[in-house]
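Down below is the structure, laid out as structure tokens.
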Amino acid sequence: MPAENDVDRELVLEQEYVTALYGRLDALREQAASGCGSEDPEAAARWNAELARLEAVEDGLCFGRLEMHDGSRRYIGRVGLFRDEADEPLLLDWRAPAAQPFYTATMAEAHGVRRRRRITTRRRTVTALDDELLDPDAAGTGTLVGEAALLAALTADRTGRMGDIVTTLQEEQDRIVRDGYAGVLVVQGGPGTGKTAVALHRLAYLMYTRPRLRTRGVLVIGPSDVFLDYIGQVLPGLGEHAVATATIARLRPDVEVSRVDPAEVAEVKGRAEAADRIVAAVWGRAGASGEAVEAEFEQQAVRLEPAEWRAAVEFASGKGLPYHPARWVFQQRMAELLAQRLADRMENVVFTESGEALDGGSADGRLSAADLRALAAAGVVVGPDQDDGPRRLLDEADLADLRKALLADAAVCRVLDELWPALTAEGVVAEVFGELGGVQLADAATSGTRARNDEVPGEPDGGWSAADIPLLDEASAVIGESVGTFGHVVVDEAQELSAMAWRMVMRRCPAKSMTVVGDLAQTSDPAGATSWEQVLTPHVADRWRLAELTVNYRTPREIMAAASELFAAQHPGLQPPRSVRAAGESPWRQEGTLADVGAIAAEHRSGQLAIIAPACHLAALREGCAATVLTPGEAKGLEFDSVLIVDPGRILDAPLGRNDLYVAMTRATRRLGILHLGPVPAELARIREK
Ligand SMILES: Nc1ncnc2c1ncn2[C@@H]1O[C@H](COP(=O)(O)OP(=O)(O)OP(=O)(O)O)[C@@H](O)[C@H]1O
């Protein structure tokens with residue numbers, strides 16, 4: 001331990017350095033602020049983004065220092081700063097390779113580091129220094145990097161917003177953050193292992209190492225708007241602003257979700273077979289009629305036999321195009337056929353001496369008066385001076401005009417539309433799934449409802465459900481509507497995605513560069529995942545890799561011990577994650593009624609309290625209650641200082657109720673209480689009574 005006056009001197013020195021860093025930051029901000037007024041809108045936007053980036057790193061700008069064996073020093077912080085315009089680094093961005101030993105250096109493998117220093121600041125003042133001497137002779141004395149700082153971070157009161165963990169990232173987490181794997185990296189781990197935090201830090205890392213991602217766009221998909229709000233500050237604090245966030249439902253902002261499907265209906269809608277049903281419904285509309293086609297164009301009737309127009313259908317559908325682009329090809333082909341048919345009739349023409357066209361029928365292929373009117377309508381003017389006996393009347397340009405006129409003709413379009421109608425995604429989904437409920441849905445593929453798509457209203461009675469969104473997206477894709485894409489996509493709580501939701505996500509990431517975060521033990525959606533391989537192989541074959549996190553930073557040991565009965569019942573043979581700390585308080589249970597909740601909540605003294613209960617009790621519990629009240633599903637991914645679970649018996653009744661209860665129990669960072677409304681469920685019997 002250095003002597004007290006040594007510590008004071010070090011504090012003064014570090015303060016000087018940190019003050020200089022803030023000075024440099026201020027100068028850069030000033031420069032960015034003046035750039036914001038630029039007349040060039042692109043430059044102004046760039047400077048605005050730069051200013052936002054520099055403003056977001058105010059807190060904890062510099063949080064570490066490495067002292068190397070060669071005597072050099074490296075200061076580590078949220079962004080990189082350089083002295084004036086020179087290359088001399090004042091502060092290393094935490095993502096720079098030279099900063100990595102801050103996270104990975106251990107006694108056994110020091111990576112050239114002699115001393116690792118954590119610098120704690122409040123506003124711009126250095127308040128504490130925490131040094132670790134990496135002495136190889138003392139190898140094996142601990143596995144947590146910066147244990148004191150880590151425990152301080154873990155036991156601090158929760159603020160309701162997730163903070164970044166850039167100052168205390170642990171080695172197993174850092175390895176995932178810096179994993180440059182180009183395919184799908186799955187981060188699997190139990191509750192509280194830092195999966196969300198790690199995924200967001202990895203995204204920040206990838207944006208730093210692959211700057212092109214900033215232009216190609218990155219997307220974070222989370223389970224709920226509350227969750228997205230909860231994590232919303234993490235990336236800006238890491239210096240990255242240009243990140244899109246969405247829930248699965250909000251990936252289609254044009255559709256409003258106003259209905260909840262029963263679980264069994266949502267499960268059927270989530271199955272991959274729903275995609276086949278949509279494909280069948282859409283393509284079943286191309287060339288469905290078996291009749292000969294009669295089109296009338298400027299009083300000329302043209303007839304196409306089924307074999308003729310069917311050839312056009314086959315030609316267009318064989319192009320490998322989506323439905324609407326293929327429809328366009330079909331229409332062009334049909335216009336060619338119809339124009340040719342008309343042209344064949346007009347092949348030879350004879351005019352009288354006075355310039356009148358002979359209207360003698362078409363036995364010899366001569367033009368009738370109707371032929372001439374049709375030609376005039378198509379912009380082809382046949383003058384009397386062109387009468388020099390039988391000849392080919394229409395050249396290529398005339399034929400092109402004729403085709404164009406045919407496609408602009410309402411009567412012709414009506415006929416073409418009947419053969420190959422225009423569709424909307426809403427119409428298709430309403431047609432295939434709209435009026436069906438429950439498991440009857442499974443029969444829809446074979447029964448194939450035949451309602452005319454273009455007459456179906458935009459949405460089924462009662463509006464759309466969240467499970468309809470991937471179906472709408474699928475239908476849009478089959479029809480040929482394009483969607484925005486991203487260079488990298490993070491999917492959080494990925495175990496909840498149905499097969500159809502995965503198809504929707506994959507469509508948005510053509511490069512299939514993704515960070516997928518989840519825990520199969522927390523799946524609560526019956527349409528969700530039971531195996532990563534099963535989920536990913538259809539989309540990326542073997543271009544995916546699994547990385548695991550094993551340490552629970554959130555849930556104290558006492559609560560994890562109580563939750564492990566549930567875990568063991570659901571996953572025999574597997575180990576729940578190891579808790580990094582004890583809270584000193586055991587969870588409790590009590591039998592009672594909803595009326596007891598108020599008194600229990602009133603006893604709660606410090607930190608955030610969340611009440612987690614089945615949906616049927618939410619309204620009653622929210623009345624006059626200051627605490628946050630959530631279902632287990634809504635609580636996914638969140639955490640609170642204290643959690644009170646109400647009516648665990650009913651939570652367990654859900655299709656994957658054990659997982660739901662496991663999720664609810666693992667949200668607490670300190671205290672857990674359980675109020676059961678009847679006899680205690682067997683899974684919770686070992687928890688002490690209050
Ligand atoms: N290295 C770390 N330093 C400080 N805090 C950490 C660290 N790793 C994780 N945490 C904290 O642990 C808590 C849990 O992290 P996170 O929410 O990312 O876990 P998770 O695995 O996604 O959990 P769940 O699956 O239960 O939603 C958060 O408060 C996070 O800040």
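Each chain in the structure tokens gets a letter, A, B, ..., in the order shown, and its residues are numbered from 1; ligands are numbered from 1 in order too.
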
Where in region 504-536 of chain A does DSSP assign strand (DSSP E), given as a count of residues only?
5

Cut-off 6 Å: closest chain A/ligand 1 atom pairs per residue, using only C-alpha atoms and all ligand atoms, as a Markdown table:
| residue | atom | partner | partner_atom_place_in_ligand_line | distance |
| --- | --- | --- | --- | --- |
| A:Leu150 | CA | ligand 1 | 3 (N) | 5.3 |
| A:Ala153 | CA | ligand 1 | 4 (C) | 5.4 |
| A:Leu154 | CA | ligand 1 | 5 (N) | 5.5 |
| A:Gly163 | CA | ligand 1 | 31 (O) | 5.9 |
| A:Ile165 | CA | ligand 1 | 3 (N) | 4.8 |
| A:Thr168 | CA | ligand 1 | 3 (N) | 4.4 |
| A:Leu169 | CA | ligand 1 | 1 (N) | 3.7 |
| A:Gln170 | CA | ligand 1 | 1 (N) | 4.8 |
| A:Gly190 | CA | ligand 1 | 25 (O) | 5.8 |
| A:Pro191 | CA | ligand 1 | 26 (O) | 3.2 |
| A:Gly192 | CA | ligand 1 | 23 (O) | 3.6 |
| A:Thr193 | CA | ligand 1 | 21 (O) | 3.9 |
| A:Gly194 | CA | ligand 1 | 18 (O) | 3.1 |
| A:Lys195 | CA | ligand 1 | 21 (O) | 3.7 |
| A:Thr196 | CA | ligand 1 | 18 (O) | 3.7 |
| A:Ala197 | CA | ligand 1 | 18 (O) | 3.9 |
| A:Tyr553 | CA | ligand 1 | 12 (O) | 4.5 |
| A:Arg554 | CA | ligand 1 | 12 (O) | 4.5 |
| A:Lys636 | CA | ligand 1 | 27 (O) | 5.9 |
| A:Gly637 | CA | ligand 1 | 27 (O) | 3.3 |

Could you please take those selected residues and save N, CA and C atoms as a PDB file, in the first residue's frame?
ATOM      1  N   LEU A 150     -15.310  -3.947  -9.677  1.00  0.00           N
ATOM      2  CA  LEU A 150     -16.425  -4.749 -10.176  1.00  0.00           C
ATOM      3  C   LEU A 150     -17.519  -4.859  -9.115  1.00  0.00           C
ATOM      4  N   ALA A 153     -19.421  -1.770  -8.685  1.00  0.00           N
ATOM      5  CA  ALA A 153     -20.389  -1.546  -9.774  1.00  0.00           C
ATOM      6  C   ALA A 153     -21.620  -2.422  -9.577  1.00  0.00           C
ATOM      7  N   LEU A 154     -21.402  -3.656  -9.115  1.00  0.00           N
ATOM      8  CA  LEU A 154     -22.518  -4.601  -9.024  1.00  0.00           C
ATOM      9  C   LEU A 154     -23.454  -4.302  -7.860  1.00  0.00           C
ATOM     10  N   GLY A 163     -26.211   0.676 -17.548  1.00  0.00           N
ATOM     11  CA  GLY A 163     -24.985   1.425 -17.772  1.00  0.00           C
ATOM     12  C   GLY A 163     -24.001   0.564 -18.563  1.00  0.00           C
ATOM     13  N   ILE A 165     -20.314  -1.293 -19.157  1.00  0.00           N
ATOM     14  CA  ILE A 165     -19.431  -1.998 -18.221  1.00  0.00           C
ATOM     15  C   ILE A 165     -17.988  -1.879 -18.710  1.00  0.00           C
ATOM     16  N   THR A 168     -15.125  -2.304 -16.250  1.00  0.00           N
ATOM     17  CA  THR A 168     -14.938  -3.547 -15.481  1.00  0.00           C
ATOM     18  C   THR A 168     -15.198  -4.811 -16.296  1.00  0.00           C
ATOM     19  N   LEU A 169     -15.177  -4.664 -17.605  1.00  0.00           N
ATOM     20  CA  LEU A 169     -15.382  -5.817 -18.494  1.00  0.00           C
ATOM     21  C   LEU A 169     -14.448  -6.956 -18.075  1.00  0.00           C
ATOM     22  N   GLN A 170     -14.990  -8.157 -17.916  1.00  0.00           N
ATOM     23  CA  GLN A 170     -14.166  -9.293 -17.490  1.00  0.00           C
ATOM     24  C   GLN A 170     -13.589 -10.038 -18.692  1.00  0.00           C
ATOM     25  N   GLY A 190     -26.461 -17.849 -18.796  1.00  0.00           N
ATOM     26  CA  GLY A 190     -27.579 -17.755 -17.864  1.00  0.00           C
ATOM     27  C   GLY A 190     -27.934 -16.314 -17.572  1.00  0.00           C
ATOM     28  N   PRO A 191     -28.935 -16.130 -16.714  1.00  0.00           N
ATOM     29  CA  PRO A 191     -29.351 -14.766 -16.388  1.00  0.00           C
ATOM     30  C   PRO A 191     -28.228 -13.976 -15.740  1.00  0.00           C
ATOM     31  N   GLY A 192     -28.124 -12.710 -16.070  1.00  0.00           N
ATOM     32  CA  GLY A 192     -27.168 -11.826 -15.408  1.00  0.00           C
ATOM     33  C   GLY A 192     -25.720 -12.032 -15.776  1.00  0.00           C
ATOM     34  N   THR A 193     -25.446 -12.828 -16.816  1.00  0.00           N
ATOM     35  CA  THR A 193     -24.043 -13.092 -17.164  1.00  0.00           C
ATOM     36  C   THR A 193     -23.465 -11.962 -18.032  1.00  0.00           C
ATOM     37  N   GLY A 194     -24.274 -10.965 -18.312  1.00  0.00           N
ATOM     38  CA  GLY A 194     -23.764  -9.823 -19.073  1.00  0.00           C
ATOM     39  C   GLY A 194     -23.930  -9.979 -20.566  1.00  0.00           C
ATOM     40  N   LYS A 195     -24.833 -10.856 -20.995  1.00  0.00           N
ATOM     41  CA  LYS A 195     -24.998 -11.091 -22.442  1.00  0.00           C
ATOM     42  C   LYS A 195     -25.366  -9.799 -23.170  1.00  0.00           C
ATOM     43  N   THR A 196     -26.366  -9.087 -22.614  1.00  0.00           N
ATOM     44  CA  THR A 196     -26.793  -7.852 -23.277  1.00  0.00           C
ATOM     45  C   THR A 196     -25.647  -6.855 -23.312  1.00  0.00           C
ATOM     46  N   ALA A 197     -25.017  -6.673 -22.150  1.00  0.00           N
ATOM     47  CA  ALA A 197     -23.916  -5.714 -22.059  1.00  0.00           C
ATOM     48  C   ALA A 197     -22.818  -6.090 -23.056  1.00  0.00           C
ATOM     49  N   TYR A 553     -23.428 -11.914 -12.857  1.00  0.00           N
ATOM     50  CA  TYR A 553     -23.019 -10.688 -12.154  1.00  0.00           C
ATOM     51  C   TYR A 553     -24.191 -10.014 -11.461  1.00  0.00           C
ATOM     52  N   ARG A 554     -25.400 -10.391 -11.819  1.00  0.00           N
ATOM     53  CA  ARG A 554     -26.564  -9.700 -11.272  1.00  0.00           C
ATOM     54  C   ARG A 554     -27.108 -10.349 -10.007  1.00  0.00           C
ATOM     55  N   LYS A 636     -38.331  -9.441 -18.937  1.00  0.00           N
ATOM     56  CA  LYS A 636     -37.168 -10.027 -19.625  1.00  0.00           C
ATOM     57  C   LYS A 636     -36.086  -9.009 -19.889  1.00  0.00           C
ATOM     58  N   GLY A 637     -34.873  -9.360 -19.515  1.00  0.00           N
ATOM     59  CA  GLY A 637     -33.730  -8.501 -19.824  1.00  0.00           C
ATOM     60  C   GLY A 637     -33.533  -7.362 -18.838  1.00  0.00           C
TER      61      GLY A 637
END

Thr120 (chain A) surroundings by only C-alpha atoms, 10 Å radius, close-in-sequence under 2 positions cut, as a PyMOL selection string:
chain A and resi 60-64+117-118+122-130+149+167

For Ala613 (chain A), please output as a ChimeraX atom specification all residues within 7 Å (counting only C-alpha atoms; exclusion window: fewer than 6 positions along the same chain).
/A:630-632,645-647

Pull N, CA and C atoms from the residues just selected and write them as an mmCIF file, in the first residue's frame.
data_model
loop_
_atom_site.group_PDB
_atom_site.id
_atom_site.type_symbol
_atom_site.label_atom_id
_atom_site.label_comp_id
_atom_site.auth_asym_id
_atom_site.auth_seq_id
_atom_site.Cartn_x
_atom_site.Cartn_y
_atom_site.Cartn_z
ATOM 1 N N LEU A 630 -44.985 -5.698 -13.622
ATOM 2 C CA LEU A 630 -44.691 -6.301 -14.931
ATOM 3 C C LEU A 630 -45.087 -7.769 -14.965
ATOM 4 N N THR A 631 -45.309 -8.289 -16.153
ATOM 5 C CA THR A 631 -45.415 -9.749 -16.308
ATOM 6 C C THR A 631 -43.990 -10.296 -16.430
ATOM 7 N N PRO A 632 -43.807 -11.615 -16.274
ATOM 8 C CA PRO A 632 -42.446 -12.162 -16.470
ATOM 9 C C PRO A 632 -41.915 -11.837 -17.865
ATOM 10 N N ILE A 645 -42.482 -11.364 -6.312
ATOM 11 C CA ILE A 645 -43.243 -12.170 -7.282
ATOM 12 C C ILE A 645 -44.599 -12.496 -6.660
ATOM 13 N N VAL A 646 -45.656 -12.195 -7.392
ATOM 14 C CA VAL A 646 -47.012 -12.437 -6.890
ATOM 15 C C VAL A 646 -47.651 -13.566 -7.699
ATOM 16 N N ASP A 647 -48.245 -14.530 -6.994
ATOM 17 C CA ASP A 647 -48.959 -15.670 -7.588
ATOM 18 C C ASP A 647 -48.078 -16.523 -8.515
#

Excluding same-chain residues fewer than 2 positions from region 110-113 of chain A, what lies within 7 Å of it counting only C-alpha atoms, as number ranges by chain?
A: 66-69, 101, 105-108, 115, 134

Pick out the residues sitting within 12 Å of Gln575 (chain A), and hand them over as an MDAnalysis selection string; count only C-alpha atoms, and ignore anything fewer than 6 positions along from it in its own chain.
chainID A and resid 189:190 521 550:552 560:561 563:569

Quick one: residues within 10 Å of region 75-89 of chain A, only C-alpha atoms, excluding same-chain residues fewer than 6 positions away - as a PyMOL selection string?
chain A and resi 17-18+20-22+24-25+27-28+53-54+56-67+95-96+98-100+102+117-119+166-167+237-240

Could you save the residues just selected, with N, CA and C atoms, as a compact mmCIF listing (two decimals), in the first residue's frame?
# COMPACT_ATOMS: atom_id res chain seq x y z
N TYR A 17 -3.55 15.26 -15.38
CA TYR A 17 -3.65 14.59 -16.68
C TYR A 17 -5.10 14.59 -17.17
N VAL A 18 -5.99 14.24 -16.25
CA VAL A 18 -7.42 14.16 -16.62
C VAL A 18 -7.94 15.54 -17.01
N ALA A 20 -6.24 17.87 -18.39
CA ALA A 20 -5.74 18.15 -19.75
C ALA A 20 -6.59 17.41 -20.78
N LEU A 21 -7.02 16.18 -20.43
CA LEU A 21 -7.86 15.43 -21.38
C LEU A 21 -9.18 16.15 -21.62
N TYR A 22 -9.79 16.63 -20.54
CA TYR A 22 -11.06 17.36 -20.71
C TYR A 22 -10.83 18.65 -21.52
N ARG A 24 -8.71 19.01 -23.91
CA ARG A 24 -8.64 18.59 -25.32
C ARG A 24 -10.06 18.27 -25.84
N LEU A 25 -10.85 17.60 -24.99
CA LEU A 25 -12.23 17.26 -25.38
C LEU A 25 -13.03 18.54 -25.66
N ALA A 27 -11.89 21.42 -26.60
CA ALA A 27 -11.43 22.05 -27.85
C ALA A 27 -12.06 21.35 -29.05
N LEU A 28 -12.11 20.02 -28.99
CA LEU A 28 -12.72 19.28 -30.11
C LEU A 28 -14.21 19.59 -30.22
N ARG A 53 -21.29 12.68 -30.32
CA ARG A 53 -20.35 11.65 -29.87
C ARG A 53 -19.46 12.20 -28.75
N LEU A 54 -18.97 13.39 -28.93
CA LEU A 54 -18.05 13.96 -27.93
C LEU A 54 -18.80 14.34 -26.65
N ALA A 56 -21.38 12.71 -25.43
CA ALA A 56 -21.84 11.52 -24.70
C ALA A 56 -20.74 10.88 -23.86
N VAL A 57 -19.49 11.29 -24.04
CA VAL A 57 -18.41 10.62 -23.31
C VAL A 57 -17.91 11.47 -22.14
N GLU A 58 -18.71 12.42 -21.73
CA GLU A 58 -18.30 13.31 -20.64
C GLU A 58 -18.01 12.53 -19.34
N ASP A 59 -18.99 11.67 -18.96
CA ASP A 59 -18.81 10.94 -17.70
C ASP A 59 -17.81 9.82 -17.86
N GLY A 60 -16.83 9.81 -16.99
CA GLY A 60 -15.84 8.73 -17.02
C GLY A 60 -15.02 8.73 -18.29
N LEU A 61 -14.70 9.91 -18.81
CA LEU A 61 -13.93 10.00 -20.06
C LEU A 61 -12.68 9.12 -20.01
N CYS A 62 -11.96 9.22 -18.91
CA CYS A 62 -10.75 8.39 -18.74
C CYS A 62 -10.98 7.53 -17.50
N PHE A 63 -10.79 6.22 -17.65
CA PHE A 63 -11.06 5.36 -16.48
C PHE A 63 -9.93 4.39 -16.16
N GLY A 64 -8.85 4.47 -16.91
CA GLY A 64 -7.78 3.52 -16.61
C GLY A 64 -6.43 3.96 -17.11
N ARG A 65 -5.41 3.31 -16.55
CA ARG A 65 -4.05 3.58 -17.01
C ARG A 65 -3.27 2.28 -16.92
N LEU A 66 -2.51 2.01 -17.95
CA LEU A 66 -1.60 0.86 -17.91
C LEU A 66 -0.18 1.37 -17.80
N GLU A 67 0.56 0.80 -16.89
CA GLU A 67 1.98 1.13 -16.79
C GLU A 67 2.72 -0.10 -17.27
N ARG A 95 -11.36 0.36 -27.25
CA ARG A 95 -11.45 -0.69 -28.26
C ARG A 95 -10.14 -0.89 -29.03
N ALA A 96 -9.18 0.03 -28.84
CA ALA A 96 -7.92 -0.07 -29.58
C ALA A 96 -7.14 -1.30 -29.10
N ALA A 98 -4.14 -1.67 -28.37
CA ALA A 98 -3.20 -1.37 -27.29
C ALA A 98 -3.90 -1.24 -25.94
N ALA A 99 -5.24 -1.11 -25.96
CA ALA A 99 -5.99 -0.99 -24.69
C ALA A 99 -6.40 -2.36 -24.16
N GLN A 100 -6.31 -3.38 -24.99
CA GLN A 100 -6.85 -4.68 -24.60
C GLN A 100 -6.27 -5.23 -23.29
N PHE A 102 -5.73 -3.94 -20.67
CA PHE A 102 -6.46 -3.41 -19.52
C PHE A 102 -7.51 -4.42 -19.05
N ARG A 117 -4.10 0.53 -13.40
CA ARG A 117 -4.72 1.51 -12.49
C ARG A 117 -6.14 1.84 -12.96
N ARG A 118 -7.10 1.76 -12.03
CA ARG A 118 -8.46 2.22 -12.33
C ARG A 118 -8.63 3.61 -11.78
N ILE A 119 -9.11 4.49 -12.60
CA ILE A 119 -9.26 5.89 -12.22
C ILE A 119 -10.75 6.18 -12.09
N VAL A 166 -17.74 -0.78 -19.42
CA VAL A 166 -16.45 -0.65 -20.09
C VAL A 166 -15.28 -0.58 -19.09
N THR A 167 -15.55 -0.15 -17.88
CA THR A 167 -14.44 -0.05 -16.92
C THR A 167 -14.15 -1.38 -16.25
N GLY A 237 -22.93 6.14 -24.69
CA GLY A 237 -21.86 6.28 -23.70
C GLY A 237 -20.56 5.65 -24.16
N LEU A 238 -20.67 4.76 -25.14
CA LEU A 238 -19.45 4.14 -25.69
C LEU A 238 -19.02 4.86 -26.96
N GLY A 239 -19.62 5.99 -27.22
CA GLY A 239 -19.20 6.79 -28.37
C GLY A 239 -19.89 6.42 -29.67
N GLU A 240 -20.97 5.62 -29.62
CA GLU A 240 -21.64 5.22 -30.86
C GLU A 240 -23.10 5.62 -30.83

Looking at A:Val505, A:Ala156, A:Val220, A:Ile600, which one is nearest to Thr669 (chain A), with distances taken over only C-alpha atoms?
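Going through A:Val505, A:Ala156, A:Val220, A:Ile600 one by one, the smallest distance to Thr669 (chain A) is for A:Ala156.
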
Which residues in region 149-228 of chain A does DSSP call helix (DSSP H, G or I)? List them as number ranges by chain.
A: 149-155, 171-177, 195-209, 212-216, 225-228

Pairwise distance for CA of Pro325 (chain A) and CA of Gly480 (chain A), rounded to one decimal in Å
6.8 Å

Gap from CA of Glu296 (chain A) to CA of Val415 (chain A) - Å, one decimal:
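A separation of 9.2 Å between them.
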
So what do you get for CA of Pro306 (chain A) versus CA of Lys319 (chain A), distance-wise?
20.2 Å

Which one of A:Val12, A:Leu51, A:Val234, A:Ala405 sits closest to Asp26 (chain A) if you count only C-alpha atoms?
A:Leu51
